[in-house]
Number of protein chains: 2
Amino acid sequence: MAFDVTNDFLENLTELIATTNNLAINELFEDLHYADIAEVLDELDFDESIYIIKLLDSEKTSEILTELDGDTREKILKNLSAKEIAREVGEMDTDDAADIIGELSEERQRRVISALKDDEHAADIKELLSYNDNSAGALMGKELVKVYETWTVAGCMRRIRAQAKEVSRVHSIYVVDKQNKLIGRLSLKDLIVAKNDQKISEIYIDKVDSVNVNEDDEEVAKIMSKYDLEAIPVVDDNNVLLGRITIDDIVDVLKEEADKDYQLANGLTQDVEADDTVYELVKGRLPWLILGLFGSLGAVIIMQNFQTIMDNPEYKALFFFTPLIAAVAGNVGVQSSAIIVQGLANDIIKGSLWSRLLKEISISLINGLLLSIIIIAFTKILGFPISFSLAISISLMSVIIIASLIGTFVPIILDKRGIDPALATGPFITTSNDIFGILIYFSIAKLILGI
Amino acid sequence: MAFDVTNDFLENLTELIATTNNLAINELFEDLHYADIAEVLDELDFDESIYIIKLLDSEKTSEILTELDGDTREKILKNLSAKEIAREVGEMDTDDAADIIGELSEERQRRVISALKDDEHAADIKELLSYNDNSAGALMGKELVKVYETWTVAGCMRRIRAQAKEVSRVHSIYVVDKQNKLIGRLSLKDLIVAKNDQKISEIYIDKVDSVNVNEDDEEVAKIMSKYDLEAIPVVDDNNVLLGRITIDDIVDVLKEEADKDYQLANGLTQDVEADDTVYELVKGRLPWLILGLFGSLGAVIIMQNFQTIMDNPEYKALFFFTPLIAAVAGNVGVQSSAIIVQGLANDIIKGSLWSRLLKEISISLINGLLLSIIIIAFTKILGFPISFSLAISISLMSVIIIASLIGTFVPIILDKRGIDPALATGPFITTSNDIFGILIYFSIAKLILGI
């Protein structure tokens, strides 16, 4: 049932725009969902997108704007006047409106807000803009249905009918006392099932989850997905009801979070996407490549220090195994750090560090033994002496243990210091393990072979 | 506001269990959310968990069971009789019930289902168990509020009151025709705002998104998050309404999906977690390590074939750079494949393969040039001849181009063949790029240096 933007569709549309056939364009978009129209605009030339935005009515375009890709939206907003933006934003829910206004320069923000016709809407948006990025406050919307505990069910229904017109989806009805402090909740269902003359104070549920307005958004996501909540009220330090966060915003937070960790694990520094420009893609990829390069140059210097081994005809083959040592060290490190980063995200890194240390060493010993058996068989086939095979195996085991400990404890330490542990994945771990790995490898091999 | 399982809490609880102080235990759990109690049970000894499950009433334990960690639940279910499980499952929504029964052996499934008291519930669960894993059918629940287009608003409200008692959250009201075919939807809000004597056929919204019962669950997740839906009805091929999927289940699908991709990118083969046993962790880590090892052994053989270079005092240092070549090839490959895997997941891999090829080559040339400058400076400082520096730089550039093309096109090809493109990330790309990288490096260096 999902709509796909086909080439035929785009060609047809471009044709219609070129011939300014507005009737046909409106018809084409009539039955499409906003998210689909946004996808179409992302594919169009810039002038064509502007043409469409100016053509469709603002009830529709306001929804489309919120769904657009960030880059496309930025370009379009640049070409709209403050008044035109205010008209779009006036149709949006407060949270979407604040997100979009927040993308503008401070000067334009002021102009757009003062061009808004609805003063209450403007005040709400201003309030939302005042909260820190990544806080519950920045994520919440002001649209909610609120009832006072002193109301009756019948009076409540009447007022909800009025409030509900401004609220696109009623998630929960929040019950407050005279000071607007959150004291409970009700579902529409509870209200429908209740008798007309009952007081809200008799029927409301006094157990209600809420989050503080300054709570971190990832923490909110954790709470909502743990408790399977579809909306959660947001309160200030005095428990005064300020707004609500809905699950669809949390889905976005979870996706962003997952994408960010995935990118860090794969050596990408910023939010790069396959359809970005060459410049953006280079900018997203180069930093970790350079870091990795410096690490490898460190390994070059280490090997220079062991170069006399090359003069030994029996043992010069040790140099054939350096990429193997580096690869195993890298893979082991990445595995360990990934498990820890996921564990930290899911709050399952518990117990003492000692028990974790013992566990990692046990796993490393088992993995190391099994890999060593393969290496001994392989070197035997190639005709290397047994002392050589043993030197490689024993140093490989040591490398695996050290690599897994680095992979395990660097993210834990970062996390304890309040730094994102995901930074210690991908190229960072691979690179540091390359250097340590090669140093350990030659040191141990030299010791064992007595060279 | 999130509850944390503290050591003090656990010690206190263990003490209460040891002294069979049931009153105090019930009090302790009185105000805790099911998800929190589940977390507590995950931490307890097995006998203690069973004790708690048997102590608390089934309305509570049924919710706890759905929230438990898979391993803990499996152990607990093993210790409950079919009748006891049926009592728990009888309290659950059909989708949760089917998930839990689905974890049992076929023999026990039959016994639990026949022990269910409510025949309709049993039939619903049986139906859900019949759908393929990872399909919309396996994800949906049968609980929904359904009205016929011929009803009036007043009659509708009356019947919804009855239906709603069995449905914990009313997401949407689905409107069907006489053949139970889905024709539209209504929100409770629409119903409240409407007049009592209006017909449903006059007020319902005839635009309703739905998914086929055989649709892939990841596709459902994509649709629901794209269109910001909180619930979606599920229909069969004849558009007959079968059930509904809610956003909280989709949050789980998205998380599983993200975790799986993250694990593949980091060389973990199965769903391993930090608190798994050593055996499970070894099983999750060893396969990719062995694959990586075989790749590196391939590189050893390649280097053996170039070993005469070692006899050349001027150029033997080429061997110091093999880990560098392998590392750059690996990093570039991982970056390229990660961008493509994310792009495929978000449906933004569009345009011709030629333009993507050109883009990758441009990016590689820029990155390669910048890295080469660093290498030339470094080798100059170490006193290597300029021909040596050039040989390394030029082969590095070639390695970067090839590695990025492999990283880009392997996932695209896998995806076209219907294989999960995420398989072509992490150790797979690193390993294949190691081998190709070292082969290209020595071949080109030999050519340039004329050795």
# chains A, B, ... in the order shown; residues from 1 in each chain; ligands from 1

call {"tool": "select_by_dssp", "arguments": {"residues": "segment 126-313 of chain B", "states": "helix (DSSP H, G or I)", "output": "compact mmCIF listing (two decimals) with N, CA, C and O atoms, in the first residue's frame"}}
result
# COMPACT_ATOMS: atom_id res chain seq x y z
N LYS B 126 -5.17 -19.27 18.14
CA LYS B 126 -4.85 -20.28 17.13
C LYS B 126 -4.65 -19.64 15.76
O LYS B 126 -3.74 -19.98 15.02
N GLU B 127 -5.56 -18.70 15.43
CA GLU B 127 -5.44 -18.01 14.15
C GLU B 127 -4.10 -17.27 14.07
O GLU B 127 -3.37 -17.38 13.08
N LEU B 128 -3.77 -16.52 15.13
CA LEU B 128 -2.53 -15.74 15.11
C LEU B 128 -1.31 -16.63 14.97
O LEU B 128 -0.34 -16.29 14.30
N LEU B 129 -1.36 -17.81 15.61
CA LEU B 129 -0.22 -18.72 15.53
C LEU B 129 -0.02 -19.26 14.12
O LEU B 129 1.05 -19.72 13.76
N ALA B 136 2.72 -9.40 9.12
CA ALA B 136 1.78 -8.54 9.83
C ALA B 136 0.85 -9.39 10.70
O ALA B 136 0.51 -9.01 11.82
N GLY B 137 0.47 -10.56 10.20
CA GLY B 137 -0.43 -11.44 10.93
C GLY B 137 0.14 -11.88 12.27
O GLY B 137 -0.57 -11.96 13.28
N ALA B 138 1.46 -12.14 12.30
CA ALA B 138 2.09 -12.59 13.53
C ALA B 138 2.20 -11.44 14.54
O ALA B 138 2.36 -11.65 15.73
N LEU B 139 2.14 -10.22 14.03
CA LEU B 139 2.34 -9.04 14.88
C LEU B 139 1.02 -8.49 15.42
O LEU B 139 0.98 -7.83 16.45
N VAL B 153 -25.04 6.87 15.61
CA VAL B 153 -24.03 7.28 16.58
C VAL B 153 -24.40 6.79 17.98
O VAL B 153 -23.56 6.24 18.70
N ALA B 154 -25.69 6.96 18.34
CA ALA B 154 -26.11 6.55 19.68
C ALA B 154 -25.96 5.04 19.89
O ALA B 154 -25.39 4.59 20.89
N GLY B 155 -26.41 4.27 18.89
CA GLY B 155 -26.30 2.81 18.98
C GLY B 155 -24.84 2.40 19.04
O GLY B 155 -24.46 1.47 19.76
N CYS B 156 -24.08 3.13 18.29
CA CYS B 156 -22.65 2.88 18.22
C CYS B 156 -21.99 3.07 19.57
O CYS B 156 -21.23 2.21 20.04
N MET B 157 -22.31 4.18 20.24
CA MET B 157 -21.73 4.48 21.54
C MET B 157 -22.06 3.36 22.53
O MET B 157 -21.23 2.94 23.32
N ARG B 158 -23.34 2.90 22.44
CA ARG B 158 -23.77 1.85 23.36
C ARG B 158 -22.95 0.58 23.15
O ARG B 158 -22.46 -0.03 24.09
N ARG B 159 -22.81 0.21 21.88
CA ARG B 159 -22.07 -1.03 21.62
C ARG B 159 -20.57 -0.88 21.87
O ARG B 159 -19.91 -1.83 22.26
N ILE B 160 -20.05 0.33 21.61
CA ILE B 160 -18.63 0.54 21.89
C ILE B 160 -18.37 0.38 23.37
O ILE B 160 -17.37 -0.20 23.79
N ARG B 161 -19.31 0.87 24.20
CA ARG B 161 -19.14 0.72 25.64
C ARG B 161 -18.95 -0.75 25.99
O ARG B 161 -18.12 -1.10 26.81
N ALA B 162 -19.71 -1.60 25.31
CA ALA B 162 -19.59 -3.04 25.57
C ALA B 162 -18.26 -3.59 25.04
O ALA B 162 -17.51 -4.27 25.75
N GLN B 163 -17.95 -3.26 23.78
CA GLN B 163 -16.71 -3.79 23.19
C GLN B 163 -15.48 -3.26 23.90
O GLN B 163 -14.48 -3.96 24.05
N ALA B 164 -15.55 -1.99 24.31
CA ALA B 164 -14.37 -1.33 24.83
C ALA B 164 -13.88 -1.95 26.13
O ALA B 164 -12.71 -1.87 26.47
N LEU B 188 -12.69 8.09 18.41
CA LEU B 188 -13.66 8.30 19.48
C LEU B 188 -14.07 9.77 19.50
O LEU B 188 -15.22 10.11 19.74
N LYS B 189 -13.09 10.63 19.23
CA LYS B 189 -13.34 12.06 19.20
C LYS B 189 -14.42 12.42 18.18
O LYS B 189 -15.36 13.16 18.49
N ASP B 190 -14.30 11.84 16.96
CA ASP B 190 -15.32 12.12 15.92
C ASP B 190 -16.70 11.73 16.41
O ASP B 190 -17.69 12.40 16.15
N LEU B 191 -16.74 10.61 17.12
CA LEU B 191 -18.01 10.08 17.58
C LEU B 191 -18.61 10.99 18.65
O LEU B 191 -19.82 11.26 18.67
N ILE B 192 -17.75 11.48 19.53
CA ILE B 192 -18.23 12.35 20.61
C ILE B 192 -18.74 13.66 20.05
O ILE B 192 -19.72 14.23 20.54
N VAL B 193 -18.07 14.14 19.02
CA VAL B 193 -18.43 15.43 18.45
C VAL B 193 -19.72 15.31 17.60
O VAL B 193 -20.44 16.28 17.41
N ILE B 200 -23.53 6.24 11.06
CA ILE B 200 -22.08 6.11 10.90
C ILE B 200 -21.69 6.37 9.45
O ILE B 200 -20.70 7.03 9.16
N SER B 201 -22.50 5.88 8.51
CA SER B 201 -22.17 6.06 7.09
C SER B 201 -22.07 7.54 6.72
O SER B 201 -21.40 7.89 5.75
N GLU B 202 -22.72 8.43 7.50
CA GLU B 202 -22.63 9.86 7.19
C GLU B 202 -21.35 10.50 7.72
O GLU B 202 -20.92 11.53 7.23
N ILE B 203 -20.80 9.92 8.79
CA ILE B 203 -19.69 10.63 9.44
C ILE B 203 -18.33 9.95 9.34
O ILE B 203 -17.32 10.53 9.69
N ASP B 217 6.82 -7.60 8.40
CA ASP B 217 6.67 -6.69 9.55
C ASP B 217 7.54 -5.45 9.45
O ASP B 217 7.17 -4.38 9.93
N GLU B 218 8.71 -5.58 8.80
CA GLU B 218 9.55 -4.39 8.65
C GLU B 218 8.91 -3.37 7.72
O GLU B 218 9.07 -2.16 7.87
N GLU B 219 8.19 -3.89 6.72
CA GLU B 219 7.47 -3.01 5.81
C GLU B 219 6.34 -2.28 6.58
O GLU B 219 6.11 -1.09 6.40
N VAL B 220 5.66 -3.02 7.46
CA VAL B 220 4.61 -2.41 8.28
C VAL B 220 5.21 -1.29 9.14
O VAL B 220 4.65 -0.20 9.25
N ALA B 221 6.39 -1.57 9.71
CA ALA B 221 7.05 -0.57 10.55
C ALA B 221 7.36 0.68 9.73
O ALA B 221 7.17 1.80 10.19
N LYS B 222 7.83 0.46 8.50
CA LYS B 222 8.16 1.59 7.63
C LYS B 222 6.92 2.43 7.36
O LYS B 222 6.95 3.66 7.44
N ILE B 223 5.82 1.75 7.01
CA ILE B 223 4.58 2.47 6.70
C ILE B 223 4.08 3.24 7.91
O ILE B 223 3.76 4.42 7.83
N MET B 224 4.04 2.58 9.08
CA MET B 224 3.50 3.24 10.26
C MET B 224 4.36 4.42 10.69
O MET B 224 3.84 5.44 11.13
N SER B 225 5.70 4.28 10.56
CA SER B 225 6.49 5.42 11.02
C SER B 225 6.49 6.52 9.97
O SER B 225 6.51 7.70 10.31
N LYS B 226 6.41 6.15 8.69
CA LYS B 226 6.34 7.18 7.66
C LYS B 226 5.06 8.01 7.79
O LYS B 226 5.10 9.23 7.72
N ILE B 247 1.38 0.82 17.57
CA ILE B 247 2.71 1.39 17.42
C ILE B 247 3.71 0.82 18.42
O ILE B 247 4.90 0.73 18.14
N ASP B 248 3.25 0.39 19.61
CA ASP B 248 4.23 -0.12 20.57
C ASP B 248 4.88 -1.41 20.08
O ASP B 248 6.05 -1.67 20.36
N ASP B 249 4.14 -2.20 19.31
CA ASP B 249 4.76 -3.39 18.72
C ASP B 249 5.77 -3.00 17.65
O ASP B 249 6.79 -3.67 17.45
N ILE B 250 5.46 -1.91 16.95
CA ILE B 250 6.36 -1.44 15.90
C ILE B 250 7.65 -0.90 16.49
O ILE B 250 8.73 -1.08 15.92
N VAL B 251 7.56 -0.26 17.65
CA VAL B 251 8.77 0.21 18.32
C VAL B 251 9.70 -0.98 18.57
O VAL B 251 10.90 -0.90 18.36
N ASP B 252 9.12 -2.11 18.98
CA ASP B 252 9.94 -3.31 19.19
C ASP B 252 10.57 -3.80 17.90
O ASP B 252 11.74 -4.18 17.87
N VAL B 253 9.78 -3.81 16.81
CA VAL B 253 10.32 -4.26 15.51
C VAL B 253 11.48 -3.36 15.09
O VAL B 253 12.53 -3.85 14.67
N LEU B 254 11.31 -2.05 15.23
CA LEU B 254 12.36 -1.12 14.83
C LEU B 254 13.62 -1.33 15.66
O LEU B 254 14.73 -1.29 15.13
N LYS B 255 13.45 -1.56 16.96
CA LYS B 255 14.61 -1.76 17.82
C LYS B 255 15.34 -3.05 17.47
O LYS B 255 16.57 -3.07 17.40
N GLU B 256 14.56 -4.11 17.23
CA GLU B 256 15.19 -5.38 16.86
C GLU B 256 15.98 -5.25 15.57
O GLU B 256 17.09 -5.73 15.44
N GLU B 257 15.36 -4.58 14.61
CA GLU B 257 15.97 -4.34 13.30
C GLU B 257 17.28 -3.58 13.45
O GLU B 257 18.31 -3.96 12.90
N ALA B 258 17.25 -2.49 14.23
CA ALA B 258 18.45 -1.67 14.43
C ALA B 258 19.53 -2.48 15.14
O ALA B 258 20.70 -2.44 14.76
N ASP B 259 19.12 -3.26 16.15
CA ASP B 259 20.10 -4.08 16.88
C ASP B 259 20.75 -5.09 15.95
O ASP B 259 21.95 -5.32 16.01
N LYS B 260 19.93 -5.70 15.09
CA LYS B 260 20.45 -6.73 14.19
C LYS B 260 21.50 -6.14 13.24
O LYS B 260 22.57 -6.71 13.05
N ASP B 261 21.17 -4.98 12.64
CA ASP B 261 22.12 -4.35 11.73
C ASP B 261 23.40 -3.96 12.46
O ASP B 261 24.50 -4.10 11.93
N TYR B 262 23.22 -3.45 13.69
CA TYR B 262 24.38 -3.03 14.47
C TYR B 262 25.27 -4.23 14.77
O TYR B 262 26.49 -4.16 14.67
N GLN B 263 24.64 -5.37 15.11
CA GLN B 263 25.43 -6.55 15.42
C GLN B 263 26.16 -7.08 14.20
O GLN B 263 27.32 -7.44 14.27
N LEU B 264 25.47 -7.10 13.05
CA LEU B 264 26.13 -7.57 11.84
C LEU B 264 27.31 -6.68 11.50
O LEU B 264 28.37 -7.15 11.10
N ALA B 265 27.13 -5.35 11.65
CA ALA B 265 28.21 -4.43 11.33
C ALA B 265 29.40 -4.62 12.26
O ALA B 265 30.52 -4.24 11.94
N VAL B 278 29.07 -17.15 28.89
CA VAL B 278 30.30 -17.21 28.11
C VAL B 278 30.08 -18.04 26.84
O VAL B 278 30.48 -17.66 25.74
N TYR B 279 29.36 -19.16 27.00
CA TYR B 279 29.12 -20.05 25.85
C TYR B 279 28.36 -19.31 24.74
O TYR B 279 28.73 -19.35 23.56
N GLU B 280 27.28 -18.60 25.13
CA GLU B 280 26.49 -17.87 24.11
C GLU B 280 27.33 -16.77 23.46
O GLU B 280 27.23 -16.53 22.26
N LEU B 281 28.15 -16.11 24.27
CA LEU B 281 28.97 -15.03 23.73
C LEU B 281 30.03 -15.57 22.76
O LEU B 281 30.29 -14.97 21.71
N VAL B 282 30.60 -16.72 23.09
CA VAL B 282 31.57 -17.32 22.17
C VAL B 282 30.87 -17.69 20.87
O VAL B 282 31.36 -17.41 19.77
N LYS B 283 29.69 -18.28 20.99
CA LYS B 283 28.94 -18.71 19.81
C LYS B 283 28.58 -17.51 18.92
O LYS B 283 28.53 -17.61 17.70
N GLY B 284 28.32 -16.37 19.54
CA GLY B 284 27.96 -15.19 18.77
C GLY B 284 29.15 -14.51 18.12
O GLY B 284 29.00 -13.77 17.16
N ARG B 285 30.34 -14.75 18.67
CA ARG B 285 31.51 -14.02 18.18
C ARG B 285 32.42 -14.85 17.28
O ARG B 285 33.08 -14.31 16.39
N LEU B 286 32.50 -16.16 17.53
CA LEU B 286 33.48 -16.98 16.84
C LEU B 286 33.31 -17.03 15.31
O LEU B 286 34.30 -16.92 14.58
N PRO B 287 32.08 -17.19 14.78
CA PRO B 287 31.96 -17.38 13.33
C PRO B 287 32.64 -16.29 12.50
O PRO B 287 33.41 -16.58 11.58
N TRP B 288 32.39 -15.02 12.84
CA TRP B 288 33.01 -13.96 12.05
C TRP B 288 34.51 -13.90 12.28
O TRP B 288 35.28 -13.53 11.39
N LEU B 289 34.96 -14.27 13.50
CA LEU B 289 36.41 -14.28 13.74
C LEU B 289 37.08 -15.31 12.85
O LEU B 289 38.14 -15.07 12.27
N ILE B 290 36.44 -16.48 12.72
CA ILE B 290 37.02 -17.54 11.89
C ILE B 290 37.03 -17.10 10.43
O ILE B 290 38.03 -17.25 9.72
N LEU B 291 35.92 -16.53 9.97
CA LEU B 291 35.88 -16.03 8.60
C LEU B 291 36.99 -15.02 8.37
O LEU B 291 37.73 -15.08 7.37
N GLY B 292 37.12 -14.08 9.31
CA GLY B 292 38.17 -13.05 9.19
C GLY B 292 39.54 -13.69 9.15
O GLY B 292 40.43 -13.28 8.38
N LEU B 293 39.73 -14.74 9.96
CA LEU B 293 41.02 -15.42 10.01
C LEU B 293 41.36 -16.04 8.66
O LEU B 293 42.48 -15.89 8.16
N PHE B 294 40.39 -16.69 8.05
CA PHE B 294 40.66 -17.31 6.74
C PHE B 294 41.03 -16.24 5.71
O PHE B 294 41.92 -16.44 4.90
N GLY B 295 40.34 -15.11 5.77
CA GLY B 295 40.69 -14.01 4.87
C GLY B 295 42.14 -13.59 5.07
O GLY B 295 42.91 -13.46 4.11
N SER B 296 42.54 -13.43 6.33
CA SER B 296 43.90 -12.99 6.61
C SER B 296 44.92 -14.04 6.21
O SER B 296 46.04 -13.71 5.81
N LEU B 297 44.55 -15.31 6.33
CA LEU B 297 45.47 -16.37 5.90
C LEU B 297 45.66 -16.29 4.39
O LEU B 297 46.74 -16.55 3.87
N GLY B 298 44.59 -15.90 3.68
CA GLY B 298 44.72 -15.66 2.24
C GLY B 298 45.76 -14.58 1.98
O GLY B 298 46.61 -14.71 1.08
N ALA B 299 45.71 -13.52 2.80
CA ALA B 299 46.68 -12.44 2.64
C ALA B 299 48.10 -12.93 2.90
O ALA B 299 49.05 -12.49 2.25
N VAL B 300 48.26 -13.88 3.86
CA VAL B 300 49.58 -14.43 4.14
C VAL B 300 50.15 -15.09 2.88
O VAL B 300 51.31 -14.88 2.50
N ILE B 301 49.29 -15.86 2.20
CA ILE B 301 49.75 -16.56 0.99
C ILE B 301 50.14 -15.57 -0.10
O ILE B 301 51.14 -15.72 -0.78
N ILE B 302 49.32 -14.50 -0.22
CA ILE B 302 49.65 -13.47 -1.22
C ILE B 302 51.03 -12.89 -0.92
O ILE B 302 51.89 -12.75 -1.81
N MET B 303 51.29 -12.57 0.34
CA MET B 303 52.58 -11.96 0.69
C MET B 303 53.74 -12.91 0.46
O MET B 303 54.83 -12.49 0.07
N GLN B 304 53.49 -14.22 0.70
CA GLN B 304 54.56 -15.20 0.41
C GLN B 304 55.00 -15.09 -1.03
O GLN B 304 56.17 -15.21 -1.35
N ASN B 305 54.01 -14.85 -1.91
CA ASN B 305 54.33 -14.77 -3.33
C ASN B 305 55.13 -13.52 -3.69
O ASN B 305 55.72 -13.45 -4.76
N GLN B 307 57.51 -12.41 -1.61
CA GLN B 307 58.54 -12.32 -0.57
C GLN B 307 59.91 -11.93 -1.09
O GLN B 307 60.74 -11.47 -0.30
N THR B 308 60.15 -12.05 -2.41
CA THR B 308 61.48 -11.66 -2.91
C THR B 308 61.75 -10.18 -2.67
O THR B 308 62.90 -9.76 -2.61
N ILE B 309 60.64 -9.38 -2.54
CA ILE B 309 60.82 -7.95 -2.27
C ILE B 309 61.61 -7.75 -0.98
O ILE B 309 62.34 -6.78 -0.82
N MET B 310 61.50 -8.71 -0.06
CA MET B 310 62.19 -8.57 1.22
C MET B 310 63.69 -8.58 1.07
O MET B 310 64.42 -8.08 1.93
N ASP B 311 64.17 -9.20 -0.04
CA ASP B 311 65.62 -9.27 -0.24
C ASP B 311 66.16 -7.95 -0.75
O ASP B 311 67.37 -7.74 -0.80

call {"tool": "residues_around", "arguments": {"residues": "Ile373 of chain B", "least_positions_apart": "2", "cutoff": "12 Å", "atoms": "only C-alpha atoms", "output": "mmCIF file with N, CA and C atoms, in the first residue's frame"}}
result
data_model
loop_
_atom_site.group_PDB
_atom_site.id
_atom_site.type_symbol
_atom_site.label_atom_id
_atom_site.label_comp_id
_atom_site.auth_asym_id
_atom_site.auth_seq_id
_atom_site.Cartn_x
_atom_site.Cartn_y
_atom_site.Cartn_z
ATOM 1 N N ILE A 290 41.551 9.572 8.438
ATOM 2 C CA ILE A 290 42.829 10.183 8.827
ATOM 3 C C ILE A 290 43.284 9.638 10.179
ATOM 4 N N LEU A 293 44.634 6.316 9.654
ATOM 5 C CA LEU A 293 45.926 6.381 8.967
ATOM 6 C C LEU A 293 47.043 6.653 9.968
ATOM 7 N N ILE B 366 39.228 12.008 -3.865
ATOM 8 C CA ILE B 366 39.492 13.113 -2.936
ATOM 9 C C ILE B 366 40.104 12.583 -1.639
ATOM 10 N N ASN B 367 39.444 11.583 -1.042
ATOM 11 C CA ASN B 367 39.980 11.006 0.190
ATOM 12 C C ASN B 367 41.380 10.445 -0.041
ATOM 13 N N GLY B 368 41.556 9.737 -1.156
ATOM 14 C CA GLY B 368 42.843 9.118 -1.464
ATOM 15 C C GLY B 368 43.940 10.159 -1.601
ATOM 16 N N LEU B 369 43.641 11.265 -2.280
ATOM 17 C CA LEU B 369 44.638 12.319 -2.467
ATOM 18 C C LEU B 369 45.080 12.886 -1.122
ATOM 19 N N LEU B 370 44.104 13.163 -0.270
ATOM 20 C CA LEU B 370 44.441 13.765 1.020
ATOM 21 C C LEU B 370 45.253 12.807 1.888
ATOM 22 N N LEU B 371 44.874 11.528 1.890
ATOM 23 C CA LEU B 371 45.644 10.560 2.672
ATOM 24 C C LEU B 371 47.052 10.408 2.094
ATOM 25 N N ILE B 375 50.879 10.547 3.727
ATOM 26 C CA ILE B 375 51.841 9.449 3.610
ATOM 27 C C ILE B 375 53.148 9.921 3.004
ATOM 28 N N ILE B 376 53.052 10.778 1.982
ATOM 29 C CA ILE B 376 54.278 11.274 1.341
ATOM 30 C C ILE B 376 55.104 12.074 2.355
ATOM 31 N N ALA B 377 54.417 12.910 3.142
ATOM 32 C CA ALA B 377 55.140 13.683 4.157
ATOM 33 C C ALA B 377 55.795 12.742 5.168
ATOM 34 N N PHE B 378 55.056 11.735 5.611
ATOM 35 C CA PHE B 378 55.552 10.804 6.617
ATOM 36 C C PHE B 378 56.776 10.034 6.117
ATOM 37 N N THR B 379 56.670 9.496 4.891
ATOM 38 C CA THR B 379 57.776 8.700 4.363
ATOM 39 C C THR B 379 58.991 9.580 4.089
ATOM 40 N N LYS B 380 58.737 10.831 3.709
ATOM 41 C CA LYS B 380 59.835 11.793 3.491
ATOM 42 C C LYS B 380 60.601 11.971 4.811
ATOM 43 N N SER B 389 57.643 6.437 -1.927
ATOM 44 C CA SER B 389 56.456 7.152 -1.449
ATOM 45 C C SER B 389 55.359 7.141 -2.495
ATOM 46 N N LEU B 390 55.773 7.401 -3.750
ATOM 47 C CA LEU B 390 54.783 7.442 -4.835
ATOM 48 C C LEU B 390 54.124 6.083 -5.025
ATOM 49 N N ILE B 392 53.640 3.755 -2.837
ATOM 50 C CA ILE B 392 52.671 3.513 -1.773
ATOM 51 C C ILE B 392 51.407 4.350 -1.991
ATOM 52 N N SER B 393 51.588 5.635 -2.325
ATOM 53 C CA SER B 393 50.426 6.513 -2.491
ATOM 54 C C SER B 393 49.525 6.054 -3.621
ATOM 55 N N ILE B 394 50.166 5.744 -4.753
ATOM 56 C CA ILE B 394 49.341 5.358 -5.910
ATOM 57 C C ILE B 394 48.609 4.050 -5.645
ATOM 58 N N LEU B 396 47.754 2.979 -2.737
ATOM 59 C CA LEU B 396 46.727 3.271 -1.734
ATOM 60 C C LEU B 396 45.473 3.847 -2.393
ATOM 61 N N MET B 397 45.684 4.762 -3.364
ATOM 62 C CA MET B 397 44.543 5.345 -4.081
ATOM 63 C C MET B 397 43.730 4.252 -4.769
#

call {"tool": "closest_residue", "arguments": {"among": "A:Asn266, A:Tyr441, A:Gln335, A:Glu27", "to": "Thr425 of chain B", "atoms": "only C-alpha atoms"}}
result
A:Asn266

call {"tool": "atom_distance", "arguments": {"atom1": "atom CA of Leu405 of chain A", "atom2": "atom CA of Ala403 of chain B"}}
result
29.3 Å

call {"tool": "residues_around", "arguments": {"residues": "Val213 of chain A", "least_positions_apart": "4", "cutoff": "12 Å", "atoms": "only C-alpha atoms", "output": "ChimeraX atom specification"}}
result
/A:127-128,130-141,217,219-220,232-245

call {"tool": "closest_residue", "arguments": {"among": "A:Ala86, A:Ile348, A:Ile173, A:Leu23", "to": "chain B", "atoms": "only C-alpha atoms"}}
result
A:Ile348

call {"tool": "atom_distance", "arguments": {"atom1": "atom CA of Ile400 of chain B", "atom2": "atom CA of Ser364 of chain B"}}
result
6.0 Å

call {"tool": "residues_around", "arguments": {"residues": "segment 9-11 of chain A", "least_positions_apart": "3", "cutoff": "8 Å", "atoms": "only C-alpha atoms", "output": "number ranges by chain"}}
result
A: 5-6, 14-15, 40, 44

call {"tool": "write_last_selection", "arguments": {"atoms": "N, CA and C atoms", "output": "JSON list (two decimals), in the first residue's frame"}}
result
[["chain", "number", "residue", "atom", "x", "y", "z"],
["A", 5, "VAL", "N", 7.53, 6.79, -5.47],
["A", 5, "VAL", "CA", 7.73, 7.87, -6.44],
["A", 5, "VAL", "C", 8.37, 7.26, -7.69],
["A", 6, "THR", "N", 7.61, 7.11, -8.76],
["A", 6, "THR", "CA", 8.15, 6.52, -9.97],
["A", 6, "THR", "C", 8.67, 7.62, -10.90],
["A", 14, "THR", "N", 6.58, 17.14, -13.84],
["A", 14, "THR", "CA", 7.44, 18.19, -14.40],
["A", 14, "THR", "C", 6.79, 18.83, -15.62],
["A", 15, "GLU", "N", 6.19, 17.99, -16.43],
["A", 15, "GLU", "CA", 5.46, 18.45, -17.61],
["A", 15, "GLU", "C", 4.32, 19.40, -17.20],
["A", 40, "VAL", "N", 7.88, 13.30, -2.98],
["A", 40, "VAL", "CA", 7.90, 13.80, -4.36],
["A", 40, "VAL", "C", 8.72, 15.09, -4.41],
["A", 44, "LEU", "N", 12.13, 16.59, -6.69],
["A", 44, "LEU", "CA", 11.98, 17.62, -7.73],
["A", 44, "LEU", "C", 13.14, 18.61, -7.72]]
